[in-house]
$ cat work-v6.pdb   # PDB, C-alpha atoms
ATOM      1  CA  MET A   1      -1.220  -9.195  21.276  1.00  0.00           C
ATOM      2  CA  LEU A   2      -2.241 -10.194  17.741  1.00  0.00           C
ATOM      3  CA  TYR A   3      -0.369  -7.216  16.306  1.00  0.00           C
ATOM      4  CA  PHE A   4       2.826  -8.105  18.180  1.00  0.00           C
ATOM      5  CA  ILE A   5       2.561 -11.641  16.795  1.00  0.00           C
ATOM      6  CA  LEU A   6       2.179 -10.190  13.303  1.00  0.00           C
ATOM      7  CA  SER A   7       5.299  -8.063  13.871  1.00  0.00           C
ATOM      8  CA  ILE A   8       7.263 -11.091  15.057  1.00  0.00           C
ATOM      9  CA  CYS A   9       6.180 -13.129  12.015  1.00  0.00           C
ATOM     10  CA  LEU A  10       7.245 -10.335   9.654  1.00  0.00           C
ATOM     11  CA  ILE A  11      10.584  -9.961  11.454  1.00  0.00           C
ATOM     12  CA  VAL A  12      11.199 -13.693  11.051  1.00  0.00           C
ATOM     13  CA  ILE A  13      10.330 -13.532   7.337  1.00  0.00           C
ATOM     14  CA  ASP A  14      12.627 -10.523   6.897  1.00  0.00           C
ATOM     15  CA  GLN A  15      15.517 -12.234   8.650  1.00  0.00           C
ATOM     16  CA  LEU A  16      15.033 -15.523   6.784  1.00  0.00           C
ATOM     17  CA  VAL A  17      15.057 -13.752   3.405  1.00  0.00           C
ATOM     18  CA  LYS A  18      18.167 -11.783   4.373  1.00  0.00           C
ATOM     19  CA  TRP A  19      19.894 -14.939   5.641  1.00  0.00           C
ATOM     20  CA  TRP A  20      19.090 -16.760   2.394  1.00  0.00           C
ATOM     21  CA  VAL A  21      20.352 -13.871   0.255  1.00  0.00           C
ATOM     22  CA  ARG A  22      23.626 -13.630   2.191  1.00  0.00           C
ATOM     23  CA  GLY A  23      24.207 -17.366   1.702  1.00  0.00           C
ATOM     24  CA  ALA A  24      22.957 -17.792  -1.860  1.00  0.00           C
ATOM     25  CA  ILE A  25      23.967 -14.629  -3.726  1.00  0.00           C
ATOM     26  CA  PRO A  26      27.524 -13.266  -3.813  1.00  0.00           C
ATOM     27  CA  LEU A  27      27.788  -9.660  -2.635  1.00  0.00           C
ATOM     28  CA  GLY A  28      27.058  -7.242  -5.482  1.00  0.00           C
ATOM     29  CA  THR A  29      25.632  -9.962  -7.719  1.00  0.00           C
ATOM     30  CA  SER A  30      22.114 -10.124  -9.172  1.00  0.00           C
ATOM     31  CA  ILE A  31      19.883 -13.037 -10.061  1.00  0.00           C
ATOM     32  CA  PRO A  32      16.577 -12.778 -11.951  1.00  0.00           C
ATOM     33  CA  PHE A  33      13.514 -12.733  -9.705  1.00  0.00           C
ATOM     34  CA  ILE A  34      10.422 -11.308 -11.421  1.00  0.00           C
ATOM     35  CA  PRO A  35      11.050 -10.853 -15.166  1.00  0.00           C
ATOM     36  CA  TYR A  36      10.945  -7.225 -16.357  1.00  0.00           C
ATOM     37  CA  LEU A  37      10.241  -6.010 -12.793  1.00  0.00           C
ATOM     38  CA  MET A  38      12.807  -7.083 -10.230  1.00  0.00           C
ATOM     39  CA  ASP A  39      16.104  -8.857  -9.600  1.00  0.00           C
ATOM     40  CA  LEU A  40      17.547 -10.098  -6.343  1.00  0.00           C
ATOM     41  CA  THR A  41      20.786  -8.203  -5.777  1.00  0.00           C
ATOM     42  CA  TYR A  42      22.769  -8.695  -2.587  1.00  0.00           C
ATOM     43  CA  THR A  43      23.934  -5.348  -1.234  1.00  0.00           C
ATOM     44  CA  GLN A  44      25.063  -4.167   2.189  1.00  0.00           C
ATOM     45  CA  ASN A  45      23.801  -0.753   3.292  1.00  0.00           C
ATOM     46  CA  THR A  46      25.641   0.937   6.153  1.00  0.00           C
ATOM     47  CA  GLY A  47      23.311   3.928   5.925  1.00  0.00           C
ATOM     48  CA  ALA A  48      19.597   4.613   6.065  1.00  0.00           C
ATOM     49  CA  ALA A  49      17.134   5.094   3.195  1.00  0.00           C
ATOM     50  CA  PHE A  50      18.848   5.594  -0.156  1.00  0.00           C
ATOM     51  CA  SER A  51      22.203   5.093   1.666  1.00  0.00           C
ATOM     52  CA  SER A  52      21.855   8.417   3.466  1.00  0.00           C
ATOM     53  CA  PHE A  53      24.023   8.658   6.614  1.00  0.00           C
ATOM     54  CA  SER A  54      26.251   5.951   5.156  1.00  0.00           C
ATOM     55  CA  GLY A  55      28.805   4.656   7.627  1.00  0.00           C
ATOM     56  CA  MET A  56      26.916   5.928  10.681  1.00  0.00           C
ATOM     57  CA  THR A  57      25.814   2.443  11.698  1.00  0.00           C
ATOM     58  CA  TRP A  58      25.904   2.919  15.477  1.00  0.00           C
ATOM     59  CA  LEU A  59      23.992   6.178  15.341  1.00  0.00           C
ATOM     60  CA  LEU A  60      21.378   4.540  13.108  1.00  0.00           C
ATOM     61  CA  THR A  61      21.303   1.527  15.452  1.00  0.00           C
ATOM     62  CA  LEU A  62      20.487   3.781  18.402  1.00  0.00           C
ATOM     63  CA  VAL A  63      17.844   5.667  16.400  1.00  0.00           C
ATOM     64  CA  SER A  64      16.320   2.346  15.261  1.00  0.00           C
ATOM     65  CA  LEU A  65      16.286   1.078  18.836  1.00  0.00           C
ATOM     66  CA  GLY A  66      14.590   4.245  20.084  1.00  0.00           C
ATOM     67  CA  ALA A  67      12.035   4.174  17.282  1.00  0.00           C
ATOM     68  CA  SER A  68      11.325   0.483  17.896  1.00  0.00           C
ATOM     69  CA  VAL A  69      10.729   1.059  21.611  1.00  0.00           C
ATOM     70  CA  ALA A  70       8.503   4.080  20.914  1.00  0.00           C
ATOM     71  CA  VAL A  71       6.397   2.237  18.317  1.00  0.00           C
ATOM     72  CA  ALA A  72       6.112  -0.843  20.555  1.00  0.00           C
ATOM     73  CA  ALA A  73       4.929   1.408  23.404  1.00  0.00           C
ATOM     74  CA  LEU A  74       2.313   3.049  21.170  1.00  0.00           C
ATOM     75  CA  LEU A  75       1.088  -0.389  20.130  1.00  0.00           C
ATOM     76  CA  TRP A  76       1.092  -1.704  23.721  1.00  0.00           C
ATOM     77  CA  LYS A  77      -0.755   1.368  25.038  1.00  0.00           C
ATOM     78  CA  ASN A  78      -3.363   1.032  22.277  1.00  0.00           C
ATOM     79  CA  TYR A  79      -2.603   4.574  21.096  1.00  0.00           C
ATOM     80  CA  PHE A  80      -4.452   4.028  17.830  1.00  0.00           C
ATOM     81  CA  PRO A  81      -7.771   2.454  18.779  1.00  0.00           C
ATOM     82  CA  GLY A  82      -8.689   1.127  15.341  1.00  0.00           C
ATOM     83  CA  ALA A  83      -7.426  -2.016  13.630  1.00  0.00           C
ATOM     84  CA  TRP A  84      -5.880  -0.064  10.736  1.00  0.00           C
ATOM     85  CA  GLY A  85      -3.900   2.077  13.160  1.00  0.00           C
ATOM     86  CA  LYS A  86      -2.652  -0.957  15.047  1.00  0.00           C
ATOM     87  CA  LEU A  87      -1.765  -2.690  11.784  1.00  0.00           C
ATOM     88  CA  SER A  88       0.252   0.340  10.693  1.00  0.00           C
ATOM     89  CA  LEU A  89       2.187   0.310  13.983  1.00  0.00           C
ATOM     90  CA  ALA A  90       2.788  -3.455  13.729  1.00  0.00           C
ATOM     91  CA  LEU A  91       4.238  -3.064  10.233  1.00  0.00           C
ATOM     92  CA  ILE A  92       6.452  -0.132  11.236  1.00  0.00           C
ATOM     93  CA  LEU A  93       7.641  -2.059  14.292  1.00  0.00           C
ATOM     94  CA  ALA A  94       8.494  -5.126  12.195  1.00  0.00           C
ATOM     95  CA  GLY A  95      10.472  -3.047   9.727  1.00  0.00           C
ATOM     96  CA  ALA A  96      12.335  -1.086  12.380  1.00  0.00           C
ATOM     97  CA  VAL A  97      13.295  -4.209  14.334  1.00  0.00           C
ATOM     98  CA  GLY A  98      14.206  -6.163  11.179  1.00  0.00           C
ATOM     99  CA  ASN A  99      16.744  -3.556  10.126  1.00  0.00           C
ATOM    100  CA  LEU A 100      17.836  -2.984  13.752  1.00  0.00           C
ATOM    101  CA  ILE A 101      18.844  -6.649  14.002  1.00  0.00           C
ATOM    102  CA  ASP A 102      21.044  -6.308  10.907  1.00  0.00           C
ATOM    103  CA  ARG A 103      22.678  -3.097  12.095  1.00  0.00           C
ATOM    104  CA  ALA A 104      23.341  -4.386  15.617  1.00  0.00           C
ATOM    105  CA  PHE A 105      24.686  -7.816  14.658  1.00  0.00           C
ATOM    106  CA  LEU A 106      26.170  -7.322  11.177  1.00  0.00           C
ATOM    107  CA  GLY A 107      27.064  -3.626  11.040  1.00  0.00           C
ATOM    108  CA  PHE A 108      25.006  -3.171   7.866  1.00  0.00           C
ATOM    109  CA  VAL A 109      21.508  -3.799   6.531  1.00  0.00           C
ATOM    110  CA  THR A 110      21.091  -6.567   3.970  1.00  0.00           C
ATOM    111  CA  ASP A 111      19.159  -5.350   0.914  1.00  0.00           C
ATOM    112  CA  MET A 112      18.073  -7.483  -2.033  1.00  0.00           C
ATOM    113  CA  PHE A 113      15.105  -6.264  -4.068  1.00  0.00           C
ATOM    114  CA  GLU A 114      16.269  -4.252  -7.089  1.00  0.00           C
ATOM    115  CA  THR A 115      13.738  -2.917  -9.577  1.00  0.00           C
ATOM    116  CA  THR A 116      14.715  -3.477 -13.211  1.00  0.00           C
ATOM    117  CA  PHE A 117      12.059  -1.270 -14.816  1.00  0.00           C
ATOM    118  CA  MET A 118      13.338   1.896 -13.095  1.00  0.00           C
ATOM    119  CA  ASN A 119      16.394   3.131 -11.233  1.00  0.00           C
ATOM    120  CA  PHE A 120      15.541   2.861  -7.531  1.00  0.00           C
ATOM    121  CA  ALA A 121      17.333   1.991  -4.303  1.00  0.00           C
ATOM    122  CA  VAL A 122      17.763  -1.690  -3.448  1.00  0.00           C
ATOM    123  CA  PHE A 123      15.473  -2.561  -0.521  1.00  0.00           C
ATOM    124  CA  ASN A 124      14.354  -5.426   1.723  1.00  0.00           C
ATOM    125  CA  VAL A 125      11.287  -6.894   3.470  1.00  0.00           C
ATOM    126  CA  ALA A 126      11.759  -4.620   6.509  1.00  0.00           C
ATOM    127  CA  ASP A 127      11.812  -1.562   4.253  1.00  0.00           C
ATOM    128  CA  ILE A 128       8.559  -2.707   2.646  1.00  0.00           C
ATOM    129  CA  CYS A 129       6.997  -3.039   6.109  1.00  0.00           C
ATOM    130  CA  VAL A 130       8.053   0.491   7.100  1.00  0.00           C
ATOM    131  CA  VAL A 131       6.790   2.063   3.861  1.00  0.00           C
ATOM    132  CA  VAL A 132       3.449   0.216   3.838  1.00  0.00           C
ATOM    133  CA  GLY A 133       3.024   0.845   7.585  1.00  0.00           C
ATOM    134  CA  GLY A 134       3.797   4.547   7.163  1.00  0.00           C
ATOM    135  CA  PHE A 135       1.329   4.847   4.291  1.00  0.00           C
ATOM    136  CA  LEU A 136      -1.390   3.045   6.287  1.00  0.00           C
ATOM    137  CA  MET A 137      -0.691   5.253   9.305  1.00  0.00           C
ATOM    138  CA  ALA A 138      -1.066   8.408   7.220  1.00  0.00           C
ATOM    139  CA  VAL A 139      -4.365   7.173   5.770  1.00  0.00           C
ATOM    140  CA  TYR A 140      -5.560   6.096   9.208  1.00  0.00           C
ATOM    141  CA  VAL A 141      -4.694   9.395  10.902  1.00  0.00           C
ATOM    142  CA  LEU A 142      -6.199  11.473   8.097  1.00  0.00           C
ATOM    143  CA  LEU A 143      -9.382   9.473   7.535  1.00  0.00           C
ATOM    144  CA  LEU A 144     -10.199   7.106  10.397  1.00  0.00           C
ATOM    145  CA  TRP A 145      -8.618   8.110  13.707  1.00  0.00           C
ATOM    146  CA  ASP A 146     -11.205  10.756  14.606  1.00  0.00           C
ATOM    147  CA  LYS A 147     -14.047   8.375  13.744  1.00  0.00           C
ATOM    148  CA  ASP A 148     -12.572   5.708  16.021  1.00  0.00           C
ATOM    149  CA  LYS A 149     -12.229   8.219  18.868  1.00  0.00           C
ATOM    150  CA  GLU A 150     -15.816   9.454  18.368  1.00  0.00           C
ATOM    151  CA  ALA A 151     -17.082   5.873  18.462  1.00  0.00           C
ATOM    152  CA  GLY A 152     -15.706   5.554  21.974  1.00  0.00           C
ATOM    153  CA  ASN A 153     -12.590   3.628  21.034  1.00  0.00           C
ATOM    154  CA  ASP A 154     -10.271   6.312  22.419  1.00  0.00           C
ATOM    155  CA  PRO A 155      -7.760   4.726  24.826  1.00  0.00           C
ATOM    156  CA  ALA A 156      -7.191   7.990  26.743  1.00  0.00           C
TER     157      ALA A 156
END
$ encode --input "work-v6.pdb" --output "structure tokens"
Amino acid sequence: MLYFILSICLIVIDQLVKWWVRGAIPLGTSIPFIPYLMDLTYTQNTGAAFSSFSGMTWLLTLVSLGASVAVAALLWKNYFPGAWGKLSLALILAGAVGNLIDRAFLGFVTDMFETTFMNFAVFNVADICVVVGGFLMAVYVLLLWDKDKEAGNDPA
């Protein structure tokens, strides 16, 4: 239950930041955020990562919904017995649902974080959750999952 609460908190943070950006920054405009590192730039992404599949909002909405349900089920069923595995699922769930909300209700995903020290895609809090969660999941599966199962924490 703790990990679902964490997901909900991150979804709320994601949606509050997106709401603020949509109200405070004109579309396509940047404001300084972290000097020499990052600006806040309001963009609308109708695609997926790096604007791939641009304009395929409903397909991406359905994929996001399916992924969200699958990740929630893995978390509910305690598929990863260790805390790091559950944390990774909670982060991925928060990111998937955060962007799903945008796609379903707005027809685009609100992005705002733009790096100024390198050319990179504009991203949001949900994207950060998915990337960090995916990285943690990879580390967990490669280094810790077998140890958790051997310790008797296997849910199967």
$ closest_residue --input "work-v6.pdb" --among "A:Leu142, A:Leu91, A:Asp148, A:Gly98" --to "A:Ala126" --atoms "all atoms listed in the file"
A:Gly98
$ resolve_selection --input "work-v6.pdb" --expression "the PyMOL selection byres ((chain A and resi 40-42) around 6)" --output "PyMOL selection string"
chain A and resi 27-31+33+39+43+112-113
$ residues_around --input "work-v6.pdb" --residues "A:Tyr79" --least-positions-apart "5" --cutoff "12 Å" --atoms "only C-alpha atoms" --output "PyMOL selection string"
chain A and resi 70-74+84-89+137+141+145+148-149+153-156
$ closest_residue --input "work-v6.pdb" --among "A:Gly95, A:Gly66, A:Gly107, A:Gly134" --to "A:Val12" --atoms "only C-alpha atoms"
A:Gly95
$ resolve_selection --input "work-v6.pdb" --expression "the PyMOL selection byres ((chain A and resi 1) around 12)" --output "VMD selection string"
chain A and resid 2 to 8 72 75 to 78 86 to 87 90
$ atom_distance --input "work-v6.pdb" --atom1 "atom CA of A:Asp14" --atom2 "atom CA of A:Leu37"
20.3 Å
$ resolve_selection --input "work-v6.pdb" --expression "the PyMOL selection byres ((chain A and resi 97) around 9)" --output "list in words"
Ser7, Ile11, Ser64, Leu65, Ala67, Ser68, Ile92, Leu93, Ala94, Gly95, Ala96, Gly98, Asn99, Leu100, Ile101, Asp102 and Ala126 of chain A
$ closest_residue --input "work-v6.pdb" --among "A:Ala83, A:Leu62, A:Met38, A:Val125" --to "A:Cys9" --atoms "only C-alpha atoms"
A:Val125
$ residues_near_point --input "work-v6.pdb" --point "(24.8, -5.2, 11.5)" --cutoff "10 Å" --atoms "only C-alpha atoms" --output "list in words"
Gln44, Asn45, Thr46, Thr57, Trp58, Thr61, Asn99, Leu100, Ile101, Asp102, Arg103, Ala104, Phe105, Leu106, Gly107, Phe108, Val109 and Thr110 of chain A
$ atom_distance --input "work-v6.pdb" --atom1 "atom CA of A:Asp111" --atom2 "atom CA of A:Lys18"
7.4 Å
$ closest_residue --input "work-v6.pdb" --among "A:Leu10, A:Ala24, A:Gly82, A:Ile34" --to "A:Asp146" --atoms "only C-alpha atoms"
A:Gly82
$ closest_residue --input "work-v6.pdb" --among "A:Phe117, A:Arg22, A:Val63, A:Leu16" --to "A:Gly47" --atoms "all atoms listed in the file"
A:Val63
$ atom_distance --input "work-v6.pdb" --atom1 "atom CA of A:Val21" --atom2 "atom CA of A:Glu114"
12.8 Å
$ residues_around --input "work-v6.pdb" --residues "A:Tyr36" --least-positions-apart "6" --cutoff "10 Å" --atoms "only C-alpha atoms" --output "CSV table (one decimal) with C-alpha atoms, keeping the file's coordinate frame"
chain,number,residue,atom,x,y,z
A,115,THR,CA,13.7,-2.9,-9.6
A,116,THR,CA,14.7,-3.5,-13.2
A,117,PHE,CA,12.1,-1.3,-14.8
A,118,MET,CA,13.3,1.9,-13.1
$ closest_residue --input "work-v6.pdb" --among "A:Phe80, A:Pro35, A:Phe123, A:Leu59" --to "A:Ala138" --atoms "only C-alpha atoms"
A:Phe80
$ decode --input "work-v6.pdb" --residues "stretch 28-51 of chain A" --atoms "C-alpha atoms" --output "PDB file, in the first residue's frame"
ATOM      1  CA  GLY A  28       6.642  27.732 -26.576  1.00  0.00           C
ATOM      2  CA  THR A  29       8.117  30.237 -24.129  1.00  0.00           C
ATOM      3  CA  SER A  30      11.011  29.655 -21.721  1.00  0.00           C
ATOM      4  CA  ILE A  31      11.795  31.101 -18.322  1.00  0.00           C
ATOM      5  CA  PRO A  32      15.070  30.607 -16.425  1.00  0.00           C
ATOM      6  CA  PHE A  33      14.947  27.834 -13.831  1.00  0.00           C
ATOM      7  CA  ILE A  34      18.401  26.568 -12.831  1.00  0.00           C
ATOM      8  CA  PRO A  35      21.131  28.840 -14.250  1.00  0.00           C
ATOM      9  CA  TYR A  36      23.429  27.152 -16.792  1.00  0.00           C
ATOM     10  CA  LEU A  37      21.489  23.866 -16.457  1.00  0.00           C
ATOM     11  CA  MET A  38      17.783  24.150 -17.159  1.00  0.00           C
ATOM     12  CA  ASP A  39      14.933  26.399 -18.268  1.00  0.00           C
ATOM     13  CA  LEU A  40      11.215  25.865 -17.918  1.00  0.00           C
ATOM     14  CA  THR A  41       9.784  25.732 -21.431  1.00  0.00           C
ATOM     15  CA  TYR A  42       6.110  24.992 -21.983  1.00  0.00           C
ATOM     16  CA  THR A  43       5.681  22.502 -24.812  1.00  0.00           C
ATOM     17  CA  GLN A  44       2.883  20.144 -25.812  1.00  0.00           C
ATOM     18  CA  ASN A  45       3.936  16.676 -26.966  1.00  0.00           C
ATOM     19  CA  THR A  46       1.387  14.649 -28.920  1.00  0.00           C
ATOM     20  CA  GLY A  47       3.868  11.792 -29.251  1.00  0.00           C
ATOM     21  CA  ALA A  48       5.944   9.596 -26.980  1.00  0.00           C
ATOM     22  CA  ALA A  49       9.617   9.933 -26.015  1.00  0.00           C
ATOM     23  CA  PHE A  50      11.493  12.422 -28.185  1.00  0.00           C
ATOM     24  CA  SER A  51       8.157  13.137 -29.970  1.00  0.00           C
TER      25      SER A  51
END
